[in-house]
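Here's protein_35.pdb, which has PDB, C-alpha atoms:
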```pdb
ATOM      1  CA  MET M   1       0.000   0.000   0.000
ATOM      2  CA  VAL M   2       1.376   3.369  -1.055
ATOM      3  CA  ARG M   3       0.761   6.255   1.327
ATOM      4  CA  ARG M   4       0.439   9.680  -0.165
ATOM      5  CA  LYS M   5       2.111  12.551   1.561
ATOM      6  CA  LYS M   6      -0.478  15.016   2.808
ATOM      7  CA  VAL M   7       0.095  18.316   1.028
ATOM      8  CA  ASN M   8      -0.438  21.497   3.015
ATOM      9  CA  MET M   9      -2.062  24.147   0.855
ATOM     10  CA  ASN M  10      -0.438  27.216   2.322
ATOM     11  CA  ILE M  11      -1.131  30.115   0.029
ATOM     12  CA  GLU M  12       0.648  32.545   2.380
ATOM     13  CA  LEU M  13      -2.421  34.726   2.846
ATOM     14  CA  GLU M  14      -2.070  38.009   4.721
ATOM     15  CA  ILE M  15      -4.792  40.497   5.528
ATOM     16  CA  ASN M  16      -3.397  43.906   6.478
ATOM     17  CA  GLY M  17      -0.077  42.194   7.202
ATOM     18  CA  GLU M  18      -1.551  39.517   9.511
ATOM     19  CA  SER M  19      -1.112  35.919   8.359
ATOM     20  CA  LEU M  20      -4.183  33.667   8.054
ATOM     21  CA  VAL M  21      -3.759  29.905   7.805
ATOM     22  CA  LEU M  22      -6.511  27.319   7.652
ATOM     23  CA  GLY M  23      -6.853  25.572  11.010
ATOM     24  CA  MET M  24      -5.265  28.423  12.961
ATOM     25  CA  SER M  25      -6.687  29.251  16.372
ATOM     26  CA  GLN M  26      -9.137  32.091  16.712
ATOM     27  CA  ASP M  27      -7.022  34.911  18.159
ATOM     28  CA  GLN M  28      -9.090  38.038  18.801
ATOM     29  CA  SER M  29      -6.104  40.384  19.074
ATOM     30  CA  LYS M  30      -4.605  39.129  15.800
ATOM     31  CA  LEU M  31      -7.979  39.452  14.055
ATOM     32  CA  SER M  32      -8.476  42.980  15.420
ATOM     33  CA  GLY M  33      -4.969  43.883  14.296
ATOM     34  CA  ALA M  34      -5.911  42.826  10.767
ATOM     35  CA  GLY M  35      -9.054  44.978  10.864
ATOM     36  CA  PHE M  36     -11.583  42.177  11.411
ATOM     37  CA  LYS M  37     -14.792  42.700  13.354
ATOM     38  CA  LYS M  38     -17.185  39.990  14.444
ATOM     39  CA  MET M  39     -20.327  39.941  12.328
ATOM     40  CA  GLY M  40     -23.720  40.139  13.950
ATOM     41  CA  LEU M  41     -26.562  37.691  13.410
ATOM     42  CA  PHE M  42     -28.390  39.885  10.910
ATOM     43  CA  SER M  43     -25.367  40.387   8.614
ATOM     44  CA  ARG M  44     -24.419  36.714   8.868
ATOM     45  CA  ALA M  45     -27.824  35.721   7.511
ATOM     46  CA  PHE M  46     -27.115  37.484   4.211
ATOM     47  CA  LEU M  47     -23.667  35.975   3.634
ATOM     48  CA  PRO M  48     -24.210  33.673   0.622
ATOM     49  CA  ILE M  49     -22.119  30.698   1.710
ATOM     50  CA  GLN M  50     -22.873  27.386   3.347
ATOM     51  CA  LYS M  51     -22.769  28.111   7.059
ATOM     52  CA  MET M  52     -22.245  25.434   9.672
ATOM     53  CA  PRO M  53     -23.626  25.319  13.211
ATOM     54  CA  GLY M  54     -21.093  27.015  15.473
ATOM     55  CA  ASP M  55     -19.590  29.286  12.802
ATOM     56  CA  VAL M  56     -18.178  32.566  14.078
ATOM     57  CA  ILE M  57     -17.698  35.018  11.219
ATOM     58  CA  PHE M  58     -15.374  38.007  11.107
ATOM     59  CA  PHE M  59     -15.336  40.715   8.423
ATOM     60  CA  ALA M  60     -12.617  43.147   7.323
ATOM     61  CA  LYS M  61     -13.675  46.103   5.178
ATOM     62  CA  ASN M  62     -11.197  47.397   2.582
ATOM     63  CA  PRO M  63      -8.132  45.496   3.790
ATOM     64  CA  THR M  64      -4.923  44.994   1.863
ATOM     65  CA  ILE M  65      -4.937  41.381   0.664
ATOM     66  CA  THR M  66      -1.623  39.657  -0.068
ATOM     67  CA  ALA M  67      -1.226  36.008  -1.090
ATOM     68  CA  PHE M  68       1.236  33.599  -2.658
ATOM     69  CA  ASN M  69       4.312  35.262  -1.191
ATOM     70  CA  GLY M  70       3.324  38.676  -2.540
ATOM     71  CA  ASP M  71       2.526  37.536  -6.095
ATOM     72  CA  VAL M  72      -1.116  38.476  -5.457
ATOM     73  CA  LYS M  73      -1.918  41.837  -3.931
ATOM     74  CA  ALA M  74      -5.120  43.846  -3.809
ATOM     75  CA  ALA M  75      -5.949  46.998  -1.935
ATOM     76  CA  ALA M  76      -8.925  49.303  -1.861
ATOM     77  CA  ILE M  77      -8.655  52.494  -3.890
ATOM     78  CA  LEU M  78     -11.074  54.943  -2.326
ATOM     79  CA  ASP M  79      -9.649  58.236  -3.584
ATOM     80  CA  THR M  80     -12.562  59.990  -5.320
ATOM     81  CA  SER M  81     -10.189  62.442  -7.033
ATOM     82  CA  MET M  82      -9.042  59.557  -9.267
ATOM     83  CA  GLY M  83     -12.553  59.157 -10.644
ATOM     84  CA  ALA M  84     -15.104  56.407 -10.173
ATOM     85  CA  ASP M  85     -13.523  54.203 -12.853
ATOM     86  CA  MET M  86     -10.353  53.877 -10.800
ATOM     87  CA  MET M  87     -12.004  53.173  -7.448
ATOM     88  CA  ASN M  88     -12.518  49.727  -5.950
ATOM     89  CA  GLY M  89     -13.107  48.092  -2.619
ATOM     90  CA  THR M  90     -11.837  44.932  -0.968
ATOM     91  CA  SER M  91     -13.219  42.751   1.782
ATOM     92  CA  CYS M  92     -12.400  39.572   3.597
ATOM     93  CA  TYR M  93     -14.424  37.122   5.659
ATOM     94  CA  ALA M  94     -12.738  34.761   8.134
ATOM     95  CA  ILE M  95     -14.996  31.952   9.328
ATOM     96  CA  PHE M  96     -14.066  30.018  12.433
ATOM     97  CA  ASN M  97     -15.685  26.895  13.817
ATOM     98  CA  GLY M  98     -14.651  25.211  17.036
ATOM     99  CA  GLY M  99     -12.098  27.990  17.493
ATOM    100  CA  ARG M 100     -10.287  27.101  14.215
ATOM    101  CA  LEU M 101     -10.230  28.915  10.874
ATOM    102  CA  ARG M 102     -12.182  26.814   8.377
ATOM    103  CA  TYR M 103     -12.981  29.229   5.531
ATOM    104  CA  VAL M 104     -11.672  32.510   4.115
ATOM    105  CA  ILE M 105     -13.275  34.616   1.402
ATOM    106  CA  CYS M 106     -11.374  37.538  -0.097
ATOM    107  CA  GLN M 107     -12.916  39.780  -2.699
ATOM    108  CA  VAL M 108     -12.238  42.786  -4.873
ATOM    109  CA  ILE M 109     -15.401  44.739  -5.625
ATOM    110  CA  GLN M 110     -16.825  47.485  -7.818
ATOM    111  CA  ASN M 111     -14.215  47.608 -10.573
ATOM    112  CA  ASN M 112     -14.039  45.430 -13.716
ATOM    113  CA  ILE M 113     -10.339  45.991 -14.343
ATOM    114  CA  THR M 114      -9.211  45.383 -10.772
ATOM    115  CA  ALA M 115     -11.481  42.329 -10.408
ATOM    116  CA  ARG M 116     -10.133  40.745 -13.605
ATOM    117  CA  GLN M 117      -6.548  41.486 -12.550
ATOM    118  CA  PHE M 118      -7.143  39.893  -9.132
ATOM    119  CA  VAL M 119      -8.611  36.738 -10.722
ATOM    120  CA  SER M 120      -5.741  36.555 -13.197
ATOM    121  CA  ASP M 121      -3.099  37.031 -10.481
ATOM    122  CA  VAL M 122      -4.680  34.418  -8.172
ATOM    123  CA  ARG M 123      -4.952  31.864 -10.976
ATOM    124  CA  GLN M 124      -1.424  32.418 -12.233
ATOM    125  CA  ALA M 125       0.066  32.168  -8.728
ATOM    126  CA  ALA M 126      -2.055  29.108  -7.912
ATOM    127  CA  ARG M 127      -0.868  27.337 -11.070
ATOM    128  CA  VAL M 128       2.760  28.012 -10.158
ATOM    129  CA  THR M 129       2.327  26.977  -6.509
ATOM    130  CA  LEU M 130      -0.368  24.283  -6.677
ATOM    131  CA  GLY M 131      -0.305  23.050 -10.279
ATOM    132  CA  GLU M 132      -3.202  22.880 -12.697
ATOM    133  CA  PRO M 133      -6.714  23.374 -11.310
ATOM    134  CA  THR M 134      -8.973  20.377 -10.787
ATOM    135  CA  SER M 135     -11.704  22.410 -12.471
ATOM    136  CA  ASP M 136     -10.959  24.774 -15.333
ATOM    137  CA  SER M 137     -14.487  26.169 -15.609
ATOM    138  CA  GLU M 138     -15.874  28.965 -13.411
ATOM    139  CA  PRO M 139     -14.884  28.903 -10.647
ATOM    140  CA  GLN M 140     -11.411  27.461 -11.127
ATOM    141  CA  VAL M 141     -10.652  25.082  -8.264
ATOM    142  CA  TRP M 142      -7.484  23.597  -6.748
ATOM    143  CA  GLN M 143      -7.548  20.809  -4.161
ATOM    144  CA  LYS M 144      -4.724  19.515  -1.994
ATOM    145  CA  ALA M 145      -5.349  17.089   0.849
ATOM    146  CA  SER M 146      -8.356  18.496   2.713
ATOM    147  CA  ALA M 147      -7.978  22.101   1.498
ATOM    148  CA  THR M 148      -9.619  23.778  -1.475
ATOM    149  CA  LEU M 149      -8.901  27.070  -3.236
ATOM    150  CA  ALA M 150     -11.379  28.561  -5.701
ATOM    151  CA  SER M 151     -11.033  31.657  -7.884
ATOM    152  CA  ASP M 152     -14.160  33.176  -9.376
ATOM    153  CA  LEU M 153     -15.103  36.265 -11.353
ATOM    154  CA  GLY M 154     -18.614  37.374 -10.422
ATOM    155  CA  ARG M 155     -21.375  37.512 -13.037
ATOM    156  CA  SER M 156     -21.157  41.297 -13.346
ATOM    157  CA  GLY M 157     -17.399  41.141 -13.990
ATOM    158  CA  SER M 158     -16.792  43.815 -11.360
ATOM    159  CA  THR M 159     -16.292  41.450  -8.415
ATOM    160  CA  ALA M 160     -13.612  38.795  -7.980
ATOM    161  CA  PHE M 161     -13.537  36.144  -5.271
ATOM    162  CA  MET M 162     -10.870  33.941  -3.751
ATOM    163  CA  HIS M 163     -12.287  31.206  -1.535
ATOM    164  CA  TRP M 164     -10.021  29.045   0.615
ATOM    165  CA  TRP M 165     -11.445  26.381   2.896
ATOM    166  CA  THR M 166     -10.867  23.098   4.598
ATOM    167  CA  GLY M 167     -13.101  20.105   5.065
TER     168      GLY M 167
END
```

Take the structure in the file and give it back as structure tokens.
Amino acid sequence: MVRRKKVNMNIELEINGESLVLGMSQDQSKLSGAGFKKMGLFSRAFLPIQKMPGDVIFFAKNPTITAFNGDVKAAAILDTSMGADMMNGTSCYAIFNGGRLRYVICQVIQNNITARQFVSDVRQAARVTLGEPTSDSEPQVWQKASATLASDLGRSGSTAFMHWWTG
């Protein structure tokens, strides 16, 4: 019987300079330092993902998102003097269950160019680091051991998502 080595899918994700790794312990001071705030019940209800009993969800508005050792970087551009076409937002959700990080969603919003660049950067870095995706359609998906990474361009083309989860 051949045993496969379990591959750790570490995409080196940082939110505002704070590292997030699947399975990490819920550390309130680290989350606060990265700009995360705990979401209330009402806002949680509208989050369009599969929630599990016991999920604790944190949200960071307009953080700087860095992944794959700096090969992927996105930041909010909120300067109105640059014009609406140049502006974009970012956000990140960190979902903990049983005190451990189980799911992260990062997104770039409200700009077609920035969203497409984010998707392109994530996919290129994922191919270099993780190999070819297991699914080449939308969303593109990579799986290693019990972790999954998905990259998706929203229907409008102005929102890009990076999902990373375990289980």

Item checked: Test item: the PyMOL selection byres ((chain M and resi 131) around 12) resolved as a PyMOL selection string -> chain M and resi 9+123-130+132-136+140-144+149

Check: Neighbours of segment 72-87 of chain M within 8 Å (all atoms listed in the file; same-chain residues fewer than 4 positions away dropped), as a PyMOL selection string?
Finding: chain M and resi 62-68+108+110-111+118+121-122+125

Next item on the list: Measure the distance from atom CA of Asp27 of chain M to atom CA of Leu13 of chain M in Å and round it to one decimal.
Entry: 16.0 Å

Checklist line | atom CA of Trp164 of chain M to atom CA of Arg116 of chain M, straight-line distance in Å | finding: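 Atom CA of Arg116 of chain M sits 18.4 Å away from atom CA of Trp164 of chain M.
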
Next item on the list: Find the residues around Gly157 of chain M up to 8 Å (all atoms listed in the file counted), leave out those fewer than 3 positions away in its own chain, and share them as a ChimeraX atom specification.
Entry: /M:111-112,115-116,153-154,160

Notebook entry, point to check: What does the distance from atom CA of Tyr103 of chain M to atom CA of Gly167 of chain M come to in Å, to one decimal?
Noted result: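 These two atoms are separated by 9.1 Å.
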
Segment 41-145 of chain M near segment 17-25 of chain M within 6 Å: what's each residue's closest atom pair and its distance in Å to one decimal, counting only C-alpha atoms, ordered by chain then ascending residue number, as a tab-separated table?
```
residue	atom	partner	partner_atom	distance
M:Gly99	CA	M:Ser25	CA	5.7
M:Arg100	CA	M:Ser25	CA	4.7
M:Leu101	CA	M:Gly23	CA	4.8
M:Arg102	CA	M:Leu22	CA	5.7
```

Next item on the list: Using only C-alpha atoms, find the one residue out of M:Asn16, M:Asn88, M:Thr159, M:Tyr93 that sits nearest to Lys38 of chain M.
Entry: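 The answer is M:Tyr93, which sits nearest to Lys38 of chain M.
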
Can you tell me, as an mmCIF file with C-alpha atoms, keeping the file's coordinate frame, what residues are no more than 7 Å from Cys106 of chain M when counting all atoms listed in the file, ignoring any on the same chain fewer than 2 positions away?
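Result file is part-v3.cif:
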```
data_model
loop_
_atom_site.group_PDB
_atom_site.id
_atom_site.type_symbol
_atom_site.label_atom_id
_atom_site.label_comp_id
_atom_site.auth_asym_id
_atom_site.auth_seq_id
_atom_site.Cartn_x
_atom_site.Cartn_y
_atom_site.Cartn_z
ATOM 1 C CA SER M 91 -13.219 42.751 1.782
ATOM 2 C CA CYS M 92 -12.400 39.572 3.597
ATOM 3 C CA TYR M 93 -14.424 37.122 5.659
ATOM 4 C CA VAL M 104 -11.672 32.510 4.115
ATOM 5 C CA PHE M 161 -13.537 36.144 -5.271
ATOM 6 C CA MET M 162 -10.870 33.941 -3.751
ATOM 7 C CA HIS M 163 -12.287 31.206 -1.535
#
```

Next item on the list: Could you check which of M:Asn10, M:Pro48, M:Asn97, M:Ile15 is closest to Ala145 of chain M, using all atoms listed in the file?
Entry: M:Asn10

Next item on the list: Return the single residue from M:Leu41, M:Ala147, M:Ile57, M:Asp152 that is closest to Phe96 of chain M, with distances computed using only C-alpha atoms.
Entry: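 Ranking M:Leu41, M:Ala147, M:Ile57, M:Asp152 by distance to Phe96 of chain M, first place goes to M:Ile57.
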
Check: M:Ala94, M:Leu47, M:Ala34, M:Ile105: which is nearest Phe59 of chain M, counting only C-alpha atoms?
Finding: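 For Phe59 of chain M, the nearest of the candidates is M:Ala94.
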
Item checked: Counting all atoms listed in the file, the residue of M:Val119, M:Ile113, M:Ile95, M:Ala150 that sits nearest Gly54 of chain M ->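 Checking each of M:Val119, M:Ile113, M:Ile95, M:Ala150 against Gly54 of chain M, counting all atoms listed in the file, the winner is M:Ile95.
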